[in-house]
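S.K.: Contents of protein_4.txt (compact mmCIF, C-alpha atoms) are given next:
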# COMPACT_ATOMS: atom_id res chain seq x y z
CA MET V 124 -17.80 69.63 13.51
CA THR V 125 -16.98 65.92 13.77
CA GLU V 126 -16.09 64.64 17.22
CA PRO V 127 -12.55 63.26 17.70
CA VAL V 128 -12.09 59.52 17.27
CA LEU V 129 -10.60 59.55 20.78
CA GLU V 130 -10.54 62.19 23.49
CA VAL V 131 -8.66 61.72 26.76
CA ARG V 132 -9.51 64.16 29.55
CA ASN V 133 -7.57 64.53 32.80
CA LEU V 134 -6.45 60.90 32.86
CA ASN V 135 -4.90 59.91 36.19
CA LEU V 136 -3.43 56.52 37.05
CA ASP V 137 -2.21 55.22 40.40
CA ILE V 138 -0.59 51.86 41.06
CA VAL V 139 -1.68 50.50 44.43
CA LYS V 140 1.07 48.76 46.38
CA ASP V 141 0.97 47.88 50.08
CA ARG V 142 -2.20 49.94 50.39
CA ARG V 143 -0.35 52.99 49.06
CA ALA V 144 -1.26 54.76 45.82
CA ILE V 145 1.79 55.49 43.65
CA PRO V 146 1.09 58.18 41.03
CA ILE V 147 1.93 57.10 37.47
CA LEU V 148 -0.09 59.45 35.22
CA ARG V 149 -1.27 62.92 36.11
CA ASP V 150 -3.88 65.00 34.23
CA VAL V 151 -3.10 63.58 30.79
CA SER V 152 -5.34 65.16 28.13
CA PHE V 153 -5.20 64.93 24.35
CA SER V 154 -7.42 64.01 21.39
CA VAL V 155 -7.04 62.16 18.10
CA GLU V 156 -9.01 63.47 15.12
CA GLU V 157 -10.20 61.33 12.22
CA GLY V 158 -7.21 60.50 10.00
CA GLU V 159 -4.74 62.08 12.43
CA LEU V 160 -1.34 60.49 13.10
CA ARG V 161 -0.32 61.59 16.60
CA GLY V 162 2.95 60.67 18.25
CA ILE V 163 3.32 60.22 22.00
CA ALA V 164 7.01 60.73 22.73
CA GLY V 165 9.31 60.66 25.73
CA GLU V 166 12.02 58.67 27.43
CA SER V 167 11.49 55.32 29.15
CA GLY V 168 9.29 55.80 32.21
CA ALA V 169 7.62 58.91 30.78
CA GLY V 170 4.18 57.28 30.96
CA LYS V 171 3.70 56.57 27.24
CA SER V 172 2.98 52.86 27.51
CA MET V 173 0.97 53.29 30.69
CA THR V 174 -1.29 55.65 28.77
CA MET V 175 -1.70 52.93 26.13
CA TYR V 176 -2.54 50.36 28.84
CA CYS V 177 -5.31 52.63 30.11
CA LEU V 178 -6.76 53.11 26.61
CA THR V 179 -6.73 49.36 25.91
CA SER V 180 -7.83 48.19 29.37
CA LEU V 181 -4.77 45.98 29.82
CA LEU V 182 -4.10 46.87 33.47
CA PRO V 183 -5.01 44.50 36.33
CA ARG V 184 -8.09 45.70 38.18
CA ARG V 185 -6.92 45.04 41.74
CA THR V 186 -3.70 47.04 41.54
CA VAL V 187 -4.74 50.23 39.75
CA GLN V 188 -6.91 53.28 40.22
CA ILE V 189 -7.88 55.14 37.03
CA ARG V 190 -9.71 58.47 36.96
CA GLY V 191 -10.70 60.89 34.23
CA GLU V 192 -12.42 60.33 30.90
CA ILE V 193 -11.49 58.19 27.88
CA LEU V 194 -14.07 59.01 25.21
CA PHE V 195 -14.38 56.86 22.08
CA ARG V 196 -16.54 58.02 19.18
CA GLU V 197 -19.19 55.54 18.06
CA GLU V 198 -20.42 55.03 14.48
CA ASP V 199 -23.52 57.13 15.14
CA GLY V 200 -21.38 60.04 16.35
CA SER V 201 -22.14 59.53 20.04
CA ARG V 202 -19.31 58.98 22.52
CA THR V 203 -18.72 56.31 25.13
CA ASP V 204 -16.56 56.88 28.20
CA LEU V 205 -14.51 53.71 28.68
CA LEU V 206 -14.06 54.43 32.38
CA LYS V 207 -17.82 54.48 33.00
CA LEU V 208 -18.24 50.94 31.72
CA PRO V 209 -18.22 48.00 34.18
CA TRP V 210 -14.63 46.75 34.51
CA LYS V 211 -15.40 43.34 33.00
CA GLU V 212 -16.70 45.00 29.81
CA ARG V 213 -13.80 47.40 29.27
CA GLN V 214 -11.30 45.08 27.61
CA ARG V 215 -13.87 43.83 25.10
CA PHE V 216 -14.93 47.40 24.35
CA SER V 217 -11.31 48.56 23.91
CA ALA V 218 -10.58 45.64 21.60
CA SER V 219 -13.53 46.58 19.40
CA HIS V 220 -12.47 50.23 19.17
CA THR V 221 -8.69 49.95 18.77
CA CYS V 222 -6.16 47.97 16.73
CA LEU V 223 -3.09 47.35 18.88
CA ILE V 224 0.48 46.69 17.75
CA LEU V 225 2.85 45.92 20.62
CA GLN V 226 6.59 46.49 20.99
CA ASP V 227 7.71 42.96 20.26
CA SER V 228 5.64 40.81 17.94
CA ILE V 229 6.89 37.64 19.63
CA ASN V 230 4.84 38.75 22.66
CA ALA V 231 1.76 39.40 20.51
CA LEU V 232 1.94 35.96 18.91
CA ASN V 233 1.43 32.68 20.79
CA PRO V 234 4.78 30.82 20.54
CA PHE V 235 3.06 27.44 20.98
CA GLU V 236 0.52 27.83 18.18
CA ARG V 237 0.95 27.89 14.40
CA ILE V 238 0.35 31.18 12.62
CA ASP V 239 -2.73 29.91 10.75
CA ALA V 240 -4.50 28.79 13.95
CA GLN V 241 -4.02 32.04 15.85
CA TRP V 242 -4.77 34.22 12.83
CA MET V 243 -8.01 32.30 12.27
CA GLU V 244 -8.88 32.68 15.97
CA THR V 245 -8.33 36.44 15.74
CA ALA V 246 -10.44 36.73 12.58
CA LEU V 247 -13.31 34.77 14.13
CA LEU V 248 -13.15 36.93 17.25
CA HIS V 249 -14.10 39.94 15.11
CA ARG V 250 -16.40 37.98 12.78
CA PRO V 251 -18.19 35.38 14.92
CA GLY V 252 -19.71 32.62 12.80
CA GLY V 253 -17.62 33.48 9.76
CA ASN V 254 -16.97 30.86 7.09
CA ARG V 255 -13.53 29.36 7.79
CA ASP V 256 -12.75 28.61 4.15
CA GLU V 257 -13.58 32.17 3.13
CA ILE V 258 -11.54 33.57 6.01
CA ARG V 259 -8.54 31.40 5.10
CA GLY V 260 -8.72 32.58 1.52
CA ARG V 261 -8.76 36.18 2.70
CA ILE V 262 -5.80 35.51 5.03
CA LEU V 263 -3.79 34.21 2.07
CA GLN V 264 -4.67 37.40 0.19
CA GLN V 265 -3.57 39.44 3.20
CA LEU V 266 -0.17 37.75 3.13
CA ASP V 267 0.40 39.21 -0.33
CA THR V 268 -0.99 42.60 0.68
CA PHE V 269 1.35 42.77 3.65
CA GLY V 270 4.38 41.65 1.64
CA ILE V 271 4.65 38.29 3.41
CA HIS V 272 5.93 35.70 0.95
CA GLY V 273 5.45 31.94 1.36
CA GLY V 274 1.68 31.48 1.46
CA GLU V 275 0.56 28.23 3.09
CA GLU V 276 4.11 27.41 4.16
CA VAL V 277 4.26 30.57 6.31
CA LEU V 278 0.88 29.87 7.86
CA ARG V 279 2.01 26.41 8.97
CA LYS V 280 5.00 27.79 10.87
CA TYR V 281 5.40 28.82 14.51
CA PRO V 282 6.41 32.42 15.31
CA HIS V 283 10.01 31.53 16.22
CA GLN V 284 10.50 30.05 12.74
CA LEU V 285 9.96 33.46 11.10
CA SER V 286 12.18 36.54 10.91
CA GLY V 287 11.48 39.52 13.19
CA GLY V 288 10.27 41.64 10.29
CA MET V 289 7.90 38.92 9.08
CA ARG V 290 6.54 38.34 12.60
CA GLN V 291 5.87 42.05 12.97
CA ARG V 292 4.04 42.25 9.66
CA ILE V 293 1.89 39.27 10.67
CA ALA V 294 1.18 40.88 14.05
CA ILE V 295 0.09 44.07 12.25
CA ALA V 296 -2.10 42.12 9.82
CA MET V 297 -3.76 40.26 12.70
CA ALA V 298 -4.32 43.49 14.63
CA LEU V 299 -6.04 44.96 11.58
CA GLU V 300 -8.58 42.15 11.55
CA SER V 301 -10.36 44.52 13.90
CA PRO V 302 -12.76 46.91 12.15
CA ALA V 303 -11.68 49.67 14.56
CA LYS V 304 -10.61 53.00 13.09
CA LEU V 305 -7.94 53.81 15.71
CA LEU V 306 -4.54 52.12 15.50
CA ILE V 307 -2.30 52.21 18.57
CA ALA V 308 1.33 51.30 17.86
CA ASP V 309 3.52 50.97 20.95
CA GLU V 310 7.21 51.09 19.91
CA PRO V 311 6.42 48.65 17.06
CA THR V 312 9.95 48.58 15.63
CA THR V 313 12.09 48.39 18.77
CA SER V 314 13.29 44.82 18.18
CA LEU V 315 14.03 45.28 14.47
CA ASP V 316 17.19 46.32 12.61
CA THR V 317 17.36 49.78 11.03
CA ILE V 318 16.29 48.67 7.55
CA ASN V 319 13.27 46.74 8.81
CA GLN V 320 12.37 49.59 11.18
CA ARG V 321 12.05 51.98 8.24
CA ARG V 322 10.10 49.46 6.17
CA ILE V 323 7.62 48.68 8.96
CA VAL V 324 7.07 52.36 9.82
CA GLU V 325 6.46 53.26 6.17
CA PHE V 326 4.17 50.26 5.85
CA ILE V 327 2.08 51.27 8.88
CA VAL V 328 1.69 54.84 7.61
CA GLU V 329 0.61 53.61 4.17
CA LEU V 330 -1.96 51.30 5.76
CA CYS V 331 -3.39 54.19 7.76
CA ARG V 332 -3.76 56.26 4.60
CA GLU V 333 -5.31 53.44 2.57
CA ARG V 334 -7.78 52.43 5.28
CA GLY V 335 -8.55 55.88 6.66
CA LEU V 336 -7.21 55.00 10.10
CA SER V 337 -6.21 57.37 12.87
CA MET V 338 -3.07 56.45 14.80
CA LEU V 339 -1.35 56.91 18.13
CA TYR V 340 2.34 56.12 17.61
CA ILE V 341 4.11 55.65 20.93
CA THR V 342 7.89 55.97 20.79
CA HIS V 343 11.07 57.38 22.30
CA ASN V 344 12.34 58.05 18.75
CA LEU V 345 11.67 61.68 17.88
CA GLY V 346 13.04 61.12 14.39
CA ILE V 347 10.15 58.77 13.63
CA VAL V 348 7.64 61.21 15.10
CA GLN V 349 9.01 64.02 12.95
CA ALA V 350 8.86 61.83 9.84
CA ILE V 351 5.31 60.46 10.14
CA CYS V 352 3.23 62.28 12.77
CA GLY V 353 1.34 65.50 12.14
CA THR V 354 0.89 66.14 15.87
CA VAL V 355 2.91 65.19 18.94
CA THR V 356 2.40 64.86 22.68
CA VAL V 357 5.63 64.96 24.72
CA MET V 358 5.51 63.23 28.12
CA LYS V 359 7.80 63.18 31.15
CA ASP V 360 7.23 61.58 34.54
CA GLY V 361 3.59 60.77 33.76
CA ARG V 362 2.67 64.28 32.66
CA ILE V 363 2.33 66.06 29.34
CA ILE V 364 5.15 68.57 28.93
CA GLU V 365 3.92 70.07 25.67
CA GLN V 366 1.94 69.14 22.58
CA GLY V 367 0.81 70.52 19.26
CA ARG V 368 1.69 70.33 15.59
CA THR V 369 4.90 68.36 15.20
CA ASP V 370 6.59 70.89 12.91
CA GLU V 371 5.82 73.75 15.31
CA VAL V 372 6.85 71.89 18.48
CA PHE V 373 10.10 70.67 16.95
CA ALA V 374 10.94 74.04 15.35
CA ASP V 375 10.35 76.00 18.55
CA PRO V 376 10.05 73.74 21.62
CA GLN V 377 8.82 75.58 24.69
CA ALA V 378 9.89 73.05 27.32
CA ALA V 379 13.50 72.47 28.30
CA TYR V 380 12.82 68.73 28.33
CA THR V 381 11.66 68.74 24.70
CA LYS V 382 14.71 70.78 23.71
CA ALA V 383 16.97 68.23 25.41
CA LEU V 384 15.26 65.33 23.65
CA LEU V 385 15.64 67.05 20.30
CA GLU V 386 19.29 67.84 20.94
CA GLY V 387 19.86 64.19 21.86
CA THR V 388 18.25 63.10 18.61
CA LYS V 389 20.41 65.52 16.58
CA SER V 390 23.61 64.34 18.27
CA LEU V 391 22.80 60.71 17.40
CA GLN V 392 22.22 61.67 13.77
CA ARG V 393 25.57 63.50 13.42
As structure tokens, how would this structure be written, given the file I've shared?
M.R.:
Amino acid sequence: MTEPVLEVRNLNLDIVKDRRAIPILRDVSFSVEEGELRGIAGESGAGKSMTMYCLTSLLPRRTVQIRGEILFREEDGSRTDLLKLPWKERQRFSASHTCLILQDSINALNPFERIDAQWMETALLHRPGGNRDEIRGRILQQLDTFGIHGGEEVLRKYPHQLSGGMRQRIAIAMALESPAKLLIADEPTTSLDTINQRRIVEFIVELCRERGLSMLYITHNLGIVQAICGTVTVMKDGRIIEQGRTDEVFADPQAAYTKALLEGTKSLQR
């Protein structure tokens, strides 16, 4: 049996403030199989994004304590525990094993640098020594693939000169310069209007299918989870409340919290 692309075991996170450890995550455990689309759902403050920060090594060393296991599958089938690596190596390792799409693309893109410069920088990060002319040609092809019209004109612009939907597509395309097989999307449509939200979500799912990616989709929107995720992990106050197949959890939720979230979603849809 093939090992999961990612397995998280008993993940605990404390924020250290004034020499006091404040618990943020407690005994979080889940796995992501090859090709699986798993949602992590819950209200603001549930611990969803903090889980993502642990997986991607984006937390400051001096103010956190992380315990447990975060196991990434390697190409040869072996597994590496992120938390056993020296701290200075963790961010590089995470970047090579995950593609990350953040909540607001304007935060993922450098506002002071043209799109072509930062896209090229990202591509070269994953392909050191690559031929710039070949990379630029491929970037232009990617614009068409990702439905971004304008070619060279778009690449010469700064992020603020583009629409929110276009920025988000560019952020996704840049994230997928990574050869990693696990995509982590943290509320990727929060800043977009309803039409663009649907388009971006459908686009992400299609990319996962075409490229054989696994995905963790982090959101407060249970409607999106129900539409695209085969499995779901529901979180509250830094703990997992319940998890399993999305259709089973949503049809017969065992936790009162999950039932309340689902009722809230239904009331908004009425």
S.K.: Hey, can you check how far atom CA of Asn344 of chain V sits from atom CA of Thr312 of chain V?
M.R.: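 Result for atom CA of Asn344 of chain V versus atom CA of Thr312 of chain V: 10.3 Å, one decimal.
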S.K.: When distances are computed from all atoms listed in the file, which of V:Ser337, V:Thr203, V:Thr221, V:Ser286 shows the smallest separation from His272 of chain V?
M.R.: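 The closest residue to His272 of chain V is V:Ser286.
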S.K.: Report, in Å with one decimal, the straight-line distance from atom CA of Arg149 of chain V to atom CA of Gln188 of chain V.
M.R.: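 According to the coordinates, atom CA of Arg149 of chain V and atom CA of Gln188 of chain V are separated by 11.9 Å.
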S.K.: Smallest atom-to-atom distance to Asp204 of chain V: which of V:Gly191, V:Gly367, V:Gly273, V:Pro251, using all atoms listed in the file?
M.R.: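 Ranked by minimum distance to Asp204 of chain V, first place goes to V:Gly191.
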S.K.: Please return the centre and edge lengths, in Å to one decimal, of a box with edges along x, y and z that contains all listed atoms of segment 252-265 of chain V, widened by 5 Å on every side, as lines of an AutoDock Vina configuration file.
M.R.:
center_x = -11.6
center_y = 34.0
center_z = 6.5
size_x = 26.1
size_y = 20.8
size_z = 22.6
S.K.: Near Thr356 of chain V, within 7 Å and counting only C-alpha atoms, which residues show up once chain neighbours fewer than 5 positions away are dropped, as a list in words?
M.R.: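 Once the nearby chain positions are removed, what remains is Gly162, Ile163, Ala164, Ile363, Glu365, Gln366 and Gly367 of chain V.
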S.K.: List as a ChimeraX atom specification the residues having at least one atom at most 12 Å from position (-4.9, 45.2, 12.2) as given in the file, counting all atoms listed in the file.
M.R.: /V:218-225,242,245-246,249,265,269,291-308,327,330-331,334,336,338
S.K.: From the set V:Glu275, V:Asp370, V:Glu157, V:Glu212, which residue has the shortest atom-to-atom contact distance to Gly260 of chain V, counting all atoms listed in the file?
M.R.: V:Glu275
S.K.: Excluding Asp239 of chain V and its own-chain neighbours fewer than 2 positions away, which residues fall within 7 Å of it when counting all atoms listed in the file? Please give them as a ChimeraX atom specification.
M.R.: /V:237,241-243,278-279
S.K.: Please produce a file of those selected residues containing C-alpha atoms, as a tab-separated table (two decimals), in the coordinates of the input.
M.R.:
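Ended up saving to part_2.tsv:
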chain	number	residue	atom	x	y	z
V	237	ARG	CA	0.95	27.89	14.40
V	241	GLN	CA	-4.02	32.04	15.85
V	242	TRP	CA	-4.77	34.22	12.83
V	243	MET	CA	-8.01	32.30	12.27
V	278	LEU	CA	0.88	29.87	7.86
V	279	ARG	CA	2.01	26.41	8.97
S.K.: Just to confirm, what's the straight-line distance from atom CA of Ala383 of chain V to atom CA of His343 of chain V in Å (one decimal)?
M.R.: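 The value is 12.7 Å.
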S.K.: Just want the 12 Å neighbourhood of Ala350 of chain V, counted on all atoms listed in the file, with same-chain residues fewer than 3 positions away dropped. Output as a PyMOL selection string.
M.R.: chain V and resi 160-162+321+324-325+328+340+344-347+353-355+369-370+373
S.K.: As a compact mmCIF listing (two decimals) with C-alpha atoms, in the frame of the given file, please: the residues near Lys211 of chain V (cut-off 12 Å, all atoms listed in the file, same-chain neighbours under 2 positions excluded).
M.R.:
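What ended up in result25.txt:
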# COMPACT_ATOMS: atom_id res chain seq x y z
CA SER V 180 -7.83 48.19 29.37
CA LEU V 181 -4.77 45.98 29.82
CA LEU V 182 -4.10 46.87 33.47
CA PRO V 183 -5.01 44.50 36.33
CA ARG V 184 -8.09 45.70 38.18
CA LEU V 205 -14.51 53.71 28.68
CA LEU V 206 -14.06 54.43 32.38
CA LYS V 207 -17.82 54.48 33.00
CA LEU V 208 -18.24 50.94 31.72
CA PRO V 209 -18.22 48.00 34.18
CA ARG V 213 -13.80 47.40 29.27
CA GLN V 214 -11.30 45.08 27.61
CA ARG V 215 -13.87 43.83 25.10
CA PHE V 216 -14.93 47.40 24.35
CA SER V 217 -11.31 48.56 23.91
S.K.: Counting all atoms listed in the file, which of V:Glu156, V:Asp150, V:Glu192, V:Glu197 gets nearest to Val131 of chain V?
M.R.: V:Glu192
S.K.: Using only C-alpha atoms, collect all residues at a distance of at most 6 Å from (-7.3, 64.2, 29.8) as written in the file, then present them as a VMD selection string.
M.R.: chain V and resid 131 to 134 150 to 153
